[in-house]
Structures are given as structure tokens and as C-alpha cells.
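Asks: As input, take coords-v3.pdb (PDB, C-alpha atoms):
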ATOM      1  CA  MET A   1     144.768-102.480  -6.624
ATOM      2  CA  ASP A   2     143.119 -99.083  -7.031
ATOM      3  CA  TYR A   3     143.211 -96.183  -9.473
ATOM      4  CA  GLU A   4     145.624 -94.254  -7.287
ATOM      5  CA  GLU A   5     148.308 -96.939  -7.526
ATOM      6  CA  VAL A   6     147.813 -97.229 -11.270
ATOM      7  CA  PHE A   7     147.983 -93.425 -11.619
ATOM      8  CA  GLN A   8     151.245 -93.359  -9.620
ATOM      9  CA  GLN A   9     152.892 -96.133 -11.626
ATOM     10  CA  ILE A  10     151.878 -94.684 -14.985
ATOM     11  CA  MET A  11     153.232 -91.310 -13.928
ATOM     12  CA  GLU A  12     156.564 -92.861 -12.893
ATOM     13  CA  LYS A  13     156.810 -94.837 -16.129
ATOM     14  CA  ALA A  14     156.058 -91.705 -18.169
ATOM     15  CA  SER A  15     158.757 -89.821 -16.275
ATOM     16  CA  ASP A  16     161.315 -92.311 -17.699
ATOM     17  CA  MET A  17     160.402 -90.883 -21.106
ATOM     18  CA  ILE A  18     159.617 -87.215 -20.509
ATOM     19  CA  GLY A  19     161.149 -86.552 -17.082
ATOM     20  CA  GLU A  20     159.652 -83.889 -14.792
ATOM     21  CA  VAL A  21     157.044 -82.999 -17.392
ATOM     22  CA  ALA A  22     155.243 -86.222 -16.462
ATOM     23  CA  TYR A  23     154.703 -84.965 -12.893
ATOM     24  CA  LYS A  24     153.805 -81.440 -14.023
ATOM     25  CA  GLN A  25     151.162 -82.800 -16.382
ATOM     26  CA  ALA A  26     149.772 -85.055 -13.664
ATOM     27  CA  ASP A  27     149.566 -82.073 -11.313
ATOM     28  CA  GLN A  28     147.282 -80.368 -13.840
ATOM     29  CA  VAL A  29     144.697 -83.152 -13.701
ATOM     30  CA  LYS A  30     141.573 -81.827 -11.974
ATOM     31  CA  GLY A  31     141.374 -82.873  -8.325
ATOM     32  CA  VAL A  32     144.921 -84.212  -8.269
ATOM     33  CA  GLU A  33     147.967 -82.874  -6.476
ATOM     34  CA  ILE A  34     151.513 -84.082  -6.826
ATOM     35  CA  ASN A  35     153.741 -83.618  -3.788
ATOM     36  CA  ASP A  36     157.293 -84.979  -3.875
ATOM     37  CA  ARG A  37     156.374 -87.030  -6.938
ATOM     38  CA  GLU A  38     153.577 -88.737  -4.992
ATOM     39  CA  VAL A  39     149.976 -88.497  -6.087
ATOM     40  CA  GLU A  40     147.338 -87.171  -3.690
ATOM     41  CA  GLY A  41     143.627 -86.633  -4.011
ATOM     42  CA  GLU A  42     140.574 -88.594  -5.036
ATOM     43  CA  ILE A  43     141.749 -90.695  -7.960
ATOM     44  CA  GLY A  44     139.213 -92.498 -10.094
ATOM     45  CA  GLU A  45     138.616 -93.625 -13.656
ATOM     46  CA  LYS A  46     138.062 -90.006 -14.783
ATOM     47  CA  GLN A  47     141.383 -88.729 -13.447
ATOM     48  CA  LEU A  48     143.259 -91.678 -14.925
ATOM     49  CA  LYS A  49     141.725 -91.029 -18.355
ATOM     50  CA  GLU A  50     142.626 -87.355 -18.130
ATOM     51  CA  LEU A  51     146.239 -88.199 -17.263
ATOM     52  CA  ILE A  52     146.496 -90.562 -20.233
ATOM     53  CA  GLU A  53     145.060 -87.902 -22.541
ATOM     54  CA  LYS A  54     147.581 -85.336 -21.261
ATOM     55  CA  TYR A  55     150.434 -87.726 -22.028
ATOM     56  CA  HIS A  56     148.872 -88.477 -25.409
ATOM     57  CA  LYS A  57     148.993 -84.774 -26.306
ATOM     58  CA  ILE A  58     152.704 -84.687 -25.532
ATOM     59  CA  MET A  59     153.918 -88.098 -26.720
ATOM     60  CA  GLY A  60     151.290 -88.937 -29.333
ATOM     61  CA  GLU A  61     150.439 -92.608 -29.904
ATOM     62  CA  GLY A  62     153.621 -93.561 -28.024
ATOM     63  CA  ALA A  63     151.880 -92.520 -24.802
ATOM     64  CA  TYR A  64     149.410 -95.354 -25.177
ATOM     65  CA  GLY A  65     152.315 -97.781 -25.583
ATOM     66  CA  VAL A  66     153.998 -96.461 -22.415
ATOM     67  CA  VAL A  67     150.766 -96.679 -20.411
ATOM     68  CA  ARG A  68     149.957-100.135 -21.802
ATOM     69  CA  GLU A  69     153.439-101.346 -20.822
ATOM     70  CA  SER A  70     152.985 -99.905 -17.365
ATOM     71  CA  ILE A  71     149.616-101.631 -16.934
ATOM     72  CA  LYS A  72     151.167-104.884 -18.151
ATOM     73  CA  GLU A  73     153.848-104.605 -15.456
ATOM     74  CA  ILE A  74     151.224-103.954 -12.785
ATOM     75  CA  TYR A  75     149.201-106.946 -14.031
ATOM     76  CA  ARG A  76     152.211-109.239 -13.633
ATOM     77  CA  GLU A  77     152.378-108.237  -9.968
ATOM     78  CA  ASP A  78     148.672-107.969  -9.265
ATOM     79  CA  GLU A  79     145.937-109.520 -11.397
ATOM     80  CA  SER A  80     143.236-107.475  -9.671
ATOM     81  CA  ILE A  81     143.978-104.522 -11.973
ATOM     82  CA  ALA A  82     141.634-106.311 -14.391
ATOM     83  CA  GLN A  83     138.750-105.276 -12.126
ATOM     84  CA  LEU A  84     139.341-101.589 -12.909
ATOM     85  CA  GLU A  85     137.761 -99.783 -15.853
ATOM     86  CA  LEU A  86     140.651 -98.829 -18.116
ATOM     87  CA  PRO A  87     140.510 -97.039 -21.478
ATOM     88  CA  GLU A  88     140.348 -99.549 -24.324
ATOM     89  CA  GLU A  89     143.439 -98.208 -26.145
ATOM     90  CA  VAL A  90     145.718 -98.821 -23.163
ATOM     91  CA  THR A  91     144.312-102.169 -22.026
ATOM     92  CA  PRO A  92     146.757-105.003 -22.764
ATOM     93  CA  LYS A  93     145.576-108.413 -24.036
ATOM     94  CA  GLU A  94     146.301-110.165 -20.767
ATOM     95  CA  VAL A  95     144.164-107.691 -18.834
ATOM     96  CA  ARG A  96     141.298-108.064 -21.321
ATOM     97  CA  ALA A  97     141.578-111.864 -21.010
ATOM     98  CA  SER A  98     141.605-111.630 -17.240
ATOM     99  CA  LYS A  99     138.619-109.253 -17.255
ATOM    100  CA  PHE A 100     136.640-111.805 -19.274
ATOM    101  CA  ALA A 101     137.733-114.890 -17.343
ATOM    102  CA  SER A 102     137.272-113.345 -13.919
ATOM    103  CA  ALA A 103     133.759-112.245 -14.855
ATOM    104  CA  LEU A 104     132.828-115.891 -15.517
TER
ATOM    105  CA  MET B   1     110.918-144.503 -33.153
ATOM    106  CA  ILE B   2     112.836-141.397 -32.100
ATOM    107  CA  PRO B   3     116.535-141.999 -32.808
ATOM    108  CA  PRO B   4     118.874-141.928 -29.784
ATOM    109  CA  THR B   5     120.926-139.182 -31.512
ATOM    110  CA  ALA B   6     117.882-136.885 -31.370
ATOM    111  CA  ILE B   7     117.283-137.709 -27.709
ATOM    112  CA  SER B   8     120.936-137.149 -26.802
ATOM    113  CA  HIS B   9     120.906-133.807 -28.641
ATOM    114  CA  PHE B  10     117.886-132.690 -26.603
ATOM    115  CA  VAL B  11     119.927-133.450 -23.483
ATOM    116  CA  TRP B  12     122.993-131.624 -24.855
ATOM    117  CA  ALA B  13     120.828-128.628 -25.787
ATOM    118  CA  GLY B  14     119.512-128.517 -22.217
ATOM    119  CA  LEU B  15     122.988-128.721 -20.692
ATOM    120  CA  ILE B  16     124.350-126.034 -23.008
ATOM    121  CA  PHE B  17     121.376-123.875 -22.062
ATOM    122  CA  LEU B  18     122.557-124.119 -18.448
ATOM    123  CA  SER B  19     125.860-122.583 -19.539
ATOM    124  CA  PHE B  20     123.949-119.858 -21.386
ATOM    125  CA  TYR B  21     121.911-119.081 -18.303
ATOM    126  CA  ALA B  22     124.935-119.013 -15.994
ATOM    127  CA  VAL B  23     126.784-116.534 -18.233
ATOM    128  CA  TYR B  24     123.612-114.513 -18.878
ATOM    129  CA  ARG B  25     123.124-114.040 -15.122
ATOM    130  CA  LYS B  26     126.701-112.864 -14.789
ATOM    131  CA  TYR B  27     126.133-110.443 -17.659
ATOM    132  CA  GLN B  28     123.152-108.977 -15.781
ATOM    133  CA  LYS B  29     125.544-108.006 -12.980
ATOM    134  CA  ASN B  30     128.455-107.000 -15.199
ATOM    135  CA  HIS B  31     127.623-105.601 -18.639
ATOM    136  CA  ASN B  32     130.799-106.881 -20.235
ATOM    137  CA  GLU B  33     130.512-107.253 -24.030
ATOM    138  CA  MET B  34     132.637-110.421 -23.953
ATOM    139  CA  LEU B  35     130.168-112.065 -21.579
ATOM    140  CA  LYS B  36     127.333-111.103 -23.917
ATOM    141  CA  ASN B  37     129.040-112.760 -26.882
ATOM    142  CA  PHE B  38     129.871-115.807 -24.776
ATOM    143  CA  TYR B  39     126.254-116.313 -23.702
ATOM    144  CA  MET B  40     125.085-115.768 -27.295
ATOM    145  CA  PHE B  41     127.419-118.609 -28.362
ATOM    146  CA  PHE B  42     125.697-120.955 -25.888
ATOM    147  CA  LEU B  43     122.191-119.693 -26.641
ATOM    148  CA  VAL B  44     122.462-120.115 -30.416
ATOM    149  CA  TRP B  45     124.206-123.470 -30.078
ATOM    150  CA  SER B  46     121.602-124.690 -27.607
ATOM    151  CA  ILE B  47     118.309-123.678 -29.231
ATOM    152  CA  PRO B  48     118.527-123.059 -32.993
ATOM    153  CA  PHE B  49     121.361-125.553 -33.515
ATOM    154  CA  PHE B  50     121.133-128.606 -31.226
ATOM    155  CA  GLY B  51     117.539-127.966 -30.126
ATOM    156  CA  LEU B  52     116.174-127.425 -33.619
ATOM    157  CA  MET B  53     118.222-130.315 -35.046
ATOM    158  CA  ALA B  54     116.991-132.718 -32.343
ATOM    159  CA  SER B  55     113.371-131.582 -32.847
ATOM    160  CA  MET B  56     113.513-131.984 -36.617
ATOM    161  CA  PHE B  57     115.272-135.365 -36.407
ATOM    162  CA  ALA B  58     112.686-136.567 -33.902
ATOM    163  CA  THR B  59     109.789-135.274 -36.038
ATOM    164  CA  GLY B  60     111.282-136.627 -39.275
ATOM    165  CA  ALA B  61     111.905-140.043 -37.739
ATOM    166  CA  TYR B  62     108.459-140.177 -36.123
ATOM    167  CA  LEU B  63     106.693-139.266 -39.364
ATOM    168  CA  GLY B  64     109.116-141.248 -41.533
ATOM    169  CA  ASN B  65     109.695-138.067 -43.543
ATOM    170  CA  SER B  66     113.165-137.888 -45.107
ATOM    171  CA  LEU B  67     112.728-134.232 -46.174
ATOM    172  CA  ILE B  68     112.325-133.139 -42.540
ATOM    173  CA  LEU B  69     115.393-135.215 -41.630
ATOM    174  CA  SER B  70     117.468-133.580 -44.379
ATOM    175  CA  LEU B  71     116.238-130.079 -43.505
ATOM    176  CA  GLY B  72     116.942-130.887 -39.861
ATOM    177  CA  TYR B  73     120.538-131.496 -40.844
ATOM    178  CA  VAL B  74     120.960-128.480 -43.155
ATOM    179  CA  ILE B  75     119.138-125.585 -41.453
ATOM    180  CA  PRO B  76     120.517-125.935 -37.890
ATOM    181  CA  HIS B  77     124.068-125.929 -39.264
ATOM    182  CA  ILE B  78     123.542-122.353 -40.468
ATOM    183  CA  PHE B  79     123.052-121.456 -36.808
ATOM    184  CA  ALA B  80     126.055-123.539 -35.789
ATOM    185  CA  PHE B  81     128.310-121.138 -37.705
ATOM    186  CA  ILE B  82     126.511-118.084 -36.317
ATOM    187  CA  SER B  83     127.098-119.506 -32.845
ATOM    188  CA  VAL B  84     130.791-120.055 -33.606
ATOM    189  CA  GLY B  85     130.936-116.455 -34.847
ATOM    190  CA  TYR B  86     129.984-115.291 -31.349
ATOM    191  CA  LEU B  87     132.780-117.400 -29.879
ATOM    192  CA  TRP B  88     135.155-115.726 -32.328
ATOM    193  CA  LYS B  89     133.908-112.333 -31.106
ATOM    194  CA  VAL B  90     134.852-113.305 -27.550
ATOM    195  CA  GLN B  91     138.365-114.350 -28.517
ATOM    196  CA  SER B  92     139.010-111.568 -31.008
ATOM    197  CA  SER B  93     137.937-108.915 -28.526
ATOM    198  CA  ILE B  94     140.765-110.146 -26.292
ATOM    199  CA  ASN B  95     143.530-110.524 -28.858
ATOM    200  CA  PHE B  96     142.471-108.818 -32.079
ATOM    201  CA  PRO B  97     139.707-106.268 -31.418
ATOM    202  CA  LYS B  98     139.956-104.939 -34.984
ATOM    203  CA  TYR B  99     138.986-108.349 -36.378
ATOM    204  CA  GLN B 100     135.703-108.731 -34.509
ATOM    205  CA  LYS B 101     134.021-107.914 -37.808
ATOM    206  CA  LEU B 102     135.085-111.362 -39.034
ATOM    207  CA  PHE B 103     131.956-112.479 -37.196
ATOM    208  CA  TRP B 104     130.172-111.764 -40.474
ATOM    209  CA  ALA B 105     132.454-114.220 -42.296
ATOM    210  CA  PHE B 106     131.156-116.982 -40.003
ATOM    211  CA  VAL B 107     127.574-115.884 -40.632
ATOM    212  CA  GLY B 108     128.272-115.756 -44.384
ATOM    213  CA  TYR B 109     129.802-119.234 -44.408
ATOM    214  CA  GLY B 110     126.785-120.567 -42.515
ATOM    215  CA  ILE B 111     124.369-119.004 -44.991
ATOM    216  CA  LEU B 112     126.324-120.222 -48.033
ATOM    217  CA  LEU B 113     126.559-123.695 -46.518
ATOM    218  CA  GLY B 114     122.821-123.658 -45.856
ATOM    219  CA  ALA B 115     122.078-122.496 -49.395
ATOM    220  CA  TYR B 116     124.328-125.218 -50.826
ATOM    221  CA  GLY B 117     122.606-127.798 -48.624
ATOM    222  CA  LEU B 118     119.155-126.699 -49.726
ATOM    223  CA  PHE B 119     120.052-126.949 -53.414
ATOM    224  CA  ASN B 120     122.029-130.174 -52.998
ATOM    225  CA  MET B 121     120.064-131.770 -50.229
ATOM    226  CA  PRO B 122     122.021-134.472 -48.358
ATOM    227  CA  GLU B 123     120.120-137.746 -48.011
ATOM    228  CA  VAL B 124     119.626-138.209 -44.309
ATOM    229  CA  ALA B 125     117.987-141.362 -43.020
ATOM    230  CA  VAL B 126     117.413-143.254 -39.798
ATOM    231  CA  THR B 127     119.131-146.618 -39.925
ATOM    232  CA  ASP B 128     119.277-149.039 -36.978
ATOM    233  CA  GLY B 129     118.117-146.246 -34.674
ATOM    234  CA  GLY B 130     121.012-143.995 -35.681
ATOM    235  CA  ILE B 131     121.182-141.053 -38.091
ATOM    236  CA  ASP B 132     122.868-141.787 -41.408
ATOM    237  CA  TYR B 133     123.983-138.510 -42.997
ATOM    238  CA  GLY B 134     124.686-140.123 -46.360
ATOM    239  CA  GLU B 135     127.554-139.043 -48.576
ATOM    240  CA  SER B 136     127.633-135.507 -49.886
ATOM    241  CA  LEU B 137     129.911-132.507 -50.212
ATOM    242  CA  PHE B 138     127.746-130.820 -47.582
ATOM    243  CA  ASN B 139     129.055-133.335 -45.013
ATOM    244  CA  ALA B 140     132.617-132.293 -45.819
ATOM    245  CA  LEU B 141     131.941-128.555 -45.799
ATOM    246  CA  ILE B 142     130.817-128.673 -42.157
ATOM    247  CA  PRO B 143     134.063-130.067 -40.656
ATOM    248  CA  LEU B 144     136.082-127.923 -43.074
ATOM    249  CA  GLY B 145     134.499-124.717 -41.804
ATOM    250  CA  MET B 146     134.508-125.918 -38.218
ATOM    251  CA  THR B 147     138.187-126.895 -38.320
ATOM    252  CA  VAL B 148     139.283-123.516 -39.691
ATOM    253  CA  SER B 149     137.122-121.805 -37.032
ATOM    254  CA  ALA B 150     138.514-124.002 -34.261
ATOM    255  CA  VAL B 151     142.119-123.274 -35.223
ATOM    256  CA  MET B 152     141.403-119.511 -35.107
ATOM    257  CA  ILE B 153     139.395-119.556 -31.891
ATOM    258  CA  SER B 154     141.281-122.113 -29.832
ATOM    259  CA  GLY B 155     144.615-120.738 -31.064
ATOM    260  CA  SER B 156     143.596-117.342 -29.744
ATOM    261  CA  SER B 157     142.392-118.867 -26.488
ATOM    262  CA  PHE B 158     145.641-120.809 -25.944
ATOM    263  CA  TYR B 159     147.664-117.667 -26.687
ATOM    264  CA  SER B 160     145.645-115.713 -24.091
ATOM    265  CA  ALA B 161     146.242-118.536 -21.626
ATOM    266  CA  TYR B 162     149.968-118.311 -22.307
ATOM    267  CA  VAL B 163     150.148-114.593 -21.392
ATOM    268  CA  THR B 164     147.922-114.853 -18.312
ATOM    269  CA  LYS B 165     148.079-116.824 -15.083
ATOM    270  CA  GLY B 166     146.054-118.468 -12.319
ATOM    271  CA  ASP B 167     142.375-119.203 -12.844
ATOM    272  CA  THR B 168     142.290-117.019 -15.962
ATOM    273  CA  ARG B 169     144.850-119.303 -17.599
ATOM    274  CA  LYS B 170     142.985-122.460 -16.533
ATOM    275  CA  LYS B 171     139.670-121.167 -17.899
ATOM    276  CA  LEU B 172     141.204-120.116 -21.212
ATOM    277  CA  VAL B 173     142.961-123.472 -21.657
ATOM    278  CA  LEU B 174     139.658-125.237 -20.990
ATOM    279  CA  ILE B 175     137.849-122.982 -23.477
ATOM    280  CA  GLY B 176     140.536-123.784 -26.066
ATOM    281  CA  ILE B 177     140.236-127.536 -25.489
ATOM    282  CA  GLY B 178     136.429-127.373 -25.411
ATOM    283  CA  THR B 179     136.440-125.471 -28.698
ATOM    284  CA  MET B 180     138.639-128.057 -30.421
ATOM    285  CA  LEU B 181     136.498-130.922 -29.157
ATOM    286  CA  SER B 182     133.179-129.319 -30.062
ATOM    287  CA  LEU B 183     134.032-127.852 -33.445
ATOM    288  CA  VAL B 184     136.454-130.454 -34.777
ATOM    289  CA  PHE B 185     136.252-133.840 -33.089
ATOM    290  CA  ALA B 186     132.526-134.131 -32.297
ATOM    291  CA  SER B 187     131.654-132.895 -35.777
ATOM    292  CA  ILE B 188     134.081-135.217 -37.578
ATOM    293  CA  PHE B 189     133.139-138.294 -35.522
ATOM    294  CA  HIS B 190     129.441-137.741 -36.229
ATOM    295  CA  ASN B 191     129.975-137.143 -39.918
ATOM    296  CA  LEU B 192     132.135-140.258 -40.254
ATOM    297  CA  GLY B 193     129.403-142.292 -38.585
ATOM    298  CA  TYR B 194     131.211-142.878 -35.260
ATOM    299  CA  THR B 195     128.090-141.848 -33.370
ATOM    300  CA  LEU B 196     129.072-143.203 -29.956
ATOM    301  CA  LEU B 197     132.475-141.529 -30.107
ATOM    302  CA  GLY B 198     130.797-138.303 -31.267
ATOM    303  CA  GLU B 199     128.360-138.421 -28.356
ATOM    304  CA  ALA B 200     131.170-139.126 -25.872
ATOM    305  CA  THR B 201     133.050-136.116 -27.266
ATOM    306  CA  ASN B 202     129.908-133.994 -26.883
ATOM    307  CA  LEU B 203     129.665-135.067 -23.248
ATOM    308  CA  VAL B 204     133.299-134.087 -22.618
ATOM    309  CA  TRP B 205     133.212-130.642 -24.250
ATOM    310  CA  ILE B 206     129.866-129.737 -22.720
ATOM    311  CA  SER B 207     131.200-130.754 -19.293
ATOM    312  CA  ILE B 208     134.258-128.564 -19.884
ATOM    313  CA  PHE B 209     132.125-125.529 -20.728
ATOM    314  CA  LEU B 210     129.823-126.231 -17.778
ATOM    315  CA  ALA B 211     132.903-126.254 -15.548
ATOM    316  CA  VAL B 212     134.072-122.920 -16.981
ATOM    317  CA  THR B 213     130.666-121.270 -16.653
ATOM    318  CA  HIS B 214     130.040-122.621 -13.130
ATOM    319  CA  TRP B 215     133.628-122.095 -11.981
ATOM    320  CA  GLN B 216     132.903-120.696  -8.524
ATOM    321  CA  LYS B 217     130.446-123.423  -7.596
ATOM    322  CA  LEU B 218     132.821-126.075  -8.917
ATOM    323  CA  GLN B 219     135.698-124.700  -6.838
ATOM    324  CA  GLU B 220     133.499-124.727  -3.737
ATOM    325  CA  LYS B 221     132.487-128.335  -4.378
ATOM    326  CA  LEU B 222     136.103-129.369  -4.922
ATOM    327  CA  SER B 223     137.097-127.606  -1.691
ATOM    328  CA  ASP B 224     134.353-129.481   0.166
ATOM    329  CA  LEU B 225     135.559-132.778  -1.288
ATOM    330  CA  ARG B 226     139.100-132.017  -0.198
ATOM    331  CA  GLY B 227     137.741-131.149   3.257
ATOM    332  CA  GLU B 228     139.073-127.571   3.139
TER
END
Show the structure stored in the file as C-alpha cells.

Replies:
Amino acid sequence: MDYEEVFQQIMEKASDMIGEVAYKQADQVKGVEINDREVEGEIGEKQLKELIEKYHKIMGEGAYGVVRESIKEIYREDESIAQLELPEEVTPKEVRASKFASAL
Amino acid sequence: MIPPTAISHFVWAGLIFLSFYAVYRKYQKNHNEMLKNFYMFFLVWSIPFFGLMASMFATGAYLGNSLILSLGYVIPHIFAFISVGYLWKVQSSINFPKYQKLFWAFVGYGILLGAYGLFNMPEVAVTDGGIDYGESLFNALIPLGMTVSAVMISGSSFYSAYVTKGDTRKKLVLIGIGTMLSLVFASIFHNLGYTLLGEATNLVWISIFLAVTHWQKLQEKLSDLRGE
């Protein structure tokens, strides 16, 4: 699991709520390009944070809920997402637990 | 004569220190705040709680000084609650980050308990090689505080286990069980005078935490045993 996959899934989840705007906002993240709804570029912690903040400006606190839900879904499929550095406000309990336990 | 309870607590302190060291080393590689709180739990439990208690019991018994024995019962228990506070910080940072501040409630309870103990000193004595904690309200306040703490901490740990999977779930279940055994059963058995049962419970919970903190090595050993 890497930041790019997380970025892609969050963007798709956000598009369920705000439609095309989700892709347009993602395209405005520095160093990121969206082609045919697919993310391209060097995606890291910084870009992911910027995307979340862009959604936060549009959707308010609800954006954190959408992102958290998306991360939860990824976690159910792939526990290794716990190895990534995610912003505190969007990190679900299960990922925090996994981050702790896997560090032991 | 040094009472066997003091000797056993030196051993327990040493074993718990191994857990501290294992988590501390992991923290050096990964500056995760939860790891820091987890190693602080082991460190405080190992040295100022079990280590200090064993030292004071041994000194008190050797010198035949009942004041040292009583102080050796009261003072280390202040640290026991501080140690438990760190374990709460680990669990709350997973499930209830806003309530990490409750750490200070554990510290406060420990200090109040210590103050009560100092003003109403329990009569601790060595009888037949074992430690007799006498009868006092202080003896009841320890398991009361520990039981409430254990319900909060192990409840949180079991809930985390429920929403996770794989090794994470196994480790969290073990931490929950270890917490119940250490904070509730070992404490109650000792205070009721069932020393052997209390010591056996100590052995079990310490082994559980050693397994959790040395997980990788344990898995490798188990694989070797299974011939994998």
C-alpha cells in the first residue's frame, strides 16, 4: 500500500459526494496530475495532506469523515496502510491500533 | 530473613524491565507516542513499583523494621497508579484521544491513596516468611482503583481487538487479558493473603506482556518448533 493508492481511493470516495469537483481539486494539488480520473505524479504524505485540506475547505468537517471512511475501507482490504503517516484527524481507530501493535 | 514475596518481586521487576527495554528499543527506531507510553508503563511498574517495593520489604524484613515494611507497601503503590496511567494513555490514544488527559486522574488517585496510607499507615508484617498486609481501608482502595482502571483499559483494548484483525487483534487481546490479570486478580489475591495464587497470576501476566513485547522472536521460535 502506498500514498498513491490511498490518494486515488480518497479521490474516488470524495467524488461520490461532490462529483467532478473531487478530481478538479485533486488536479490542483502541487505535483499531481489527474488524467482520466487516474492520479499521476510523485505522491507522498505532503500531497495527501494537501488533498484532504482541499476537500476540507469544500465539505467542512464532513470531509474528514469521508476520508476516514475511505481509509477504513482500505484498511479492511490491506492492513499495511497502518505503516503510512496519515493526518491524525482522518486516522480511524483500527488503523491507530494497528500502527501501535505492528510497531511492537 | 528476606521474605519470598520480596525475592519474587525482584524477579518480576527484572522480567518487566525486559519488556520495557524491548519496547524502548523499538521506540528508538520508530518515535511513536504510543510506544513511549507503553514503555513508560513497564519502566514505572518495574523500578519504582515492584523494584522499590521488593527493596523496602527486603530491607524492612532484614532490619525487623515495621515502618519500612509499611512505607514499602504505601509509597510504591503511588507509582503503580502512575504506571497504569501510562497504560491508559496507550489505549486512549487509540480509541479516545481526547481523554488522554485522564492520565492525571490516575496520578491523582495514586497521590491521594499514598497520602491516605501515610496518615493511616497499614500495619505490614512478615509472618511465616510471607508478607501480612494487615486489615485497613488502604488495602481495599488499591483493588478498587485497580479494578476501575482495568475495566477502562482492558475494555478499550478488547474493543480495539474487535475492530482489527490478524496479529494486531491477537496482541490487543493479550494486552487486555494481561491488564485484567495484573491490575485486578494479582492485586486482589495478594491483598486477600492468597500469596501463591497472586504470584502465579504475576507469572502469567508478565509472561503475556513478554510475549507481546517480544512478538517477532516468539513467532520465530514457534516456527522453529513447528519445523517451518

Asks: Would you compute the distance between atom CA of Val124 of chain B and atom CA of Ala61 of chain B? Give it in Å to one decimal.

Replies: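 Rounded to one decimal, the two atoms are 10.3 Å apart.
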
Asks: Neighbours of Ser15 of chain A within 12 Å (all atoms listed in the file; same-chain residues fewer than 4 positions away dropped), as a VMD selection string?

Replies: chain A and resid 8 to 11 19 to 26 37 55 59 63 66 to 67 70

Asks: Sorted by chain and rising residue number, list the residues of chain A at most 8 Å from chain B (counting all atoms listed in the file), each with its closest atom pair and distance in Å to one decimal, as a Markdown table.

Replies:
| residue | atom | partner | partner_atom | distance |
| --- | --- | --- | --- | --- |
| A:Lys93 | CA | B:Ile94 | CA | 5.6 |
| A:Glu94 | CA | B:Thr164 | CA | 5.5 |
| A:Arg96 | CA | B:Ile94 | CA | 5.4 |
| A:Ala97 | CA | B:Ile94 | CA | 5.6 |
| A:Ser98 | CA | B:Thr168 | CA | 5.6 |
| A:Phe100 | CA | B:Met34 | CA | 6.3 |
| A:Ala101 | CA | B:Thr168 | CA | 5.2 |
| A:Ser102 | CA | B:Thr168 | CA | 6.5 |
| A:Ala103 | CA | B:Lys26 | CA | 7.1 |
| A:Leu104 | CA | B:Thr213 | CA | 5.9 |

Asks: List, as a PyMOL selection string, every residue that the PyMOL selection byres ((chain B and resi 188) around 10) selects in the file provided.

Replies: chain B and resi 139-140+142-144+146-147+181-187+189-195+197-198

Asks: Given the file shown, determine the residues that the PyMOL selection byres ((chain B and resi 205) around 8) selects; report them as a PDB file with C-alpha atoms, in the frame of the given file.

Replies:
ATOM      1  CA  ILE B 177     140.236-127.536 -25.489  1.00  0.00           C
ATOM      2  CA  GLY B 178     136.429-127.373 -25.411  1.00  0.00           C
ATOM      3  CA  THR B 179     136.440-125.471 -28.698  1.00  0.00           C
ATOM      4  CA  LEU B 181     136.498-130.922 -29.157  1.00  0.00           C
ATOM      5  CA  SER B 182     133.179-129.319 -30.062  1.00  0.00           C
ATOM      6  CA  THR B 201     133.050-136.116 -27.266  1.00  0.00           C
ATOM      7  CA  ASN B 202     129.908-133.994 -26.883  1.00  0.00           C
ATOM      8  CA  LEU B 203     129.665-135.067 -23.248  1.00  0.00           C
ATOM      9  CA  VAL B 204     133.299-134.087 -22.618  1.00  0.00           C
ATOM     10  CA  ILE B 206     129.866-129.737 -22.720  1.00  0.00           C
ATOM     11  CA  SER B 207     131.200-130.754 -19.293  1.00  0.00           C
ATOM     12  CA  ILE B 208     134.258-128.564 -19.884  1.00  0.00           C
ATOM     13  CA  PHE B 209     132.125-125.529 -20.728  1.00  0.00           C
TER      14      PHE B 209
END

Asks: Supply segment 12-26 of chain B as an mmCIF file, in the frame of the given file, with N, CA and C atoms built in where the input has gaps.

Replies:
data_model
loop_
_atom_site.group_PDB
_atom_site.id
_atom_site.type_symbol
_atom_site.label_atom_id
_atom_site.label_comp_id
_atom_site.auth_asym_id
_atom_site.auth_seq_id
_atom_site.Cartn_x
_atom_site.Cartn_y
_atom_site.Cartn_z
ATOM 1 N N TRP B 12 121.860 -132.553 -24.673
ATOM 2 C CA TRP B 12 122.993 -131.624 -24.855
ATOM 3 C C TRP B 12 122.479 -130.176 -24.928
ATOM 4 N N ALA B 13 121.384 -129.992 -25.652
ATOM 5 C CA ALA B 13 120.828 -128.628 -25.787
ATOM 6 C C ALA B 13 120.470 -128.076 -24.409
ATOM 7 N N GLY B 14 119.889 -128.936 -23.567
ATOM 8 C CA GLY B 14 119.512 -128.517 -22.217
ATOM 9 C C GLY B 14 120.733 -128.161 -21.387
ATOM 10 N N LEU B 15 121.769 -128.986 -21.483
ATOM 11 C CA LEU B 15 122.988 -128.721 -20.692
ATOM 12 C C LEU B 15 123.684 -127.443 -21.166
ATOM 13 N N ILE B 16 123.701 -127.247 -22.483
ATOM 14 C CA ILE B 16 124.350 -126.034 -23.008
ATOM 15 C C ILE B 16 123.535 -124.802 -22.587
ATOM 16 N N PHE B 17 122.225 -124.990 -22.510
ATOM 17 C CA PHE B 17 121.376 -123.875 -22.062
ATOM 18 C C PHE B 17 121.734 -123.463 -20.621
ATOM 19 N N LEU B 18 122.140 -124.441 -19.825
ATOM 20 C CA LEU B 18 122.557 -124.119 -18.448
ATOM 21 C C LEU B 18 123.773 -123.194 -18.465
ATOM 22 N N SER B 19 124.684 -123.455 -19.410
ATOM 23 C CA SER B 19 125.860 -122.583 -19.539
ATOM 24 C C SER B 19 125.422 -121.193 -19.982
ATOM 25 N N PHE B 20 124.487 -121.156 -20.936
ATOM 26 C CA PHE B 20 123.949 -119.858 -21.386
ATOM 27 C C PHE B 20 123.412 -119.084 -20.184
ATOM 28 N N TYR B 21 122.587 -119.765 -19.397
ATOM 29 C CA TYR B 21 121.911 -119.081 -18.303
ATOM 30 C C TYR B 21 122.907 -118.580 -17.255
ATOM 31 N N ALA B 22 123.922 -119.404 -16.993
ATOM 32 C CA ALA B 22 124.935 -119.013 -15.994
ATOM 33 C C ALA B 22 125.664 -117.746 -16.454
ATOM 34 N N VAL B 23 126.051 -117.701 -17.733
ATOM 35 C CA VAL B 23 126.784 -116.534 -18.233
ATOM 36 C C VAL B 23 125.833 -115.330 -18.342
ATOM 37 N N TYR B 24 124.600 -115.587 -18.748
ATOM 38 C CA TYR B 24 123.612 -114.513 -18.878
ATOM 39 C C TYR B 24 123.401 -113.809 -17.528
ATOM 40 N N ARG B 25 123.309 -114.622 -16.467
ATOM 41 C CA ARG B 25 123.124 -114.040 -15.122
ATOM 42 C C ARG B 25 124.320 -113.191 -14.730
ATOM 43 N N LYS B 26 125.507 -113.653 -15.106
ATOM 44 C CA LYS B 26 126.701 -112.864 -14.789
ATOM 45 C C LYS B 26 126.709 -111.563 -15.594
#
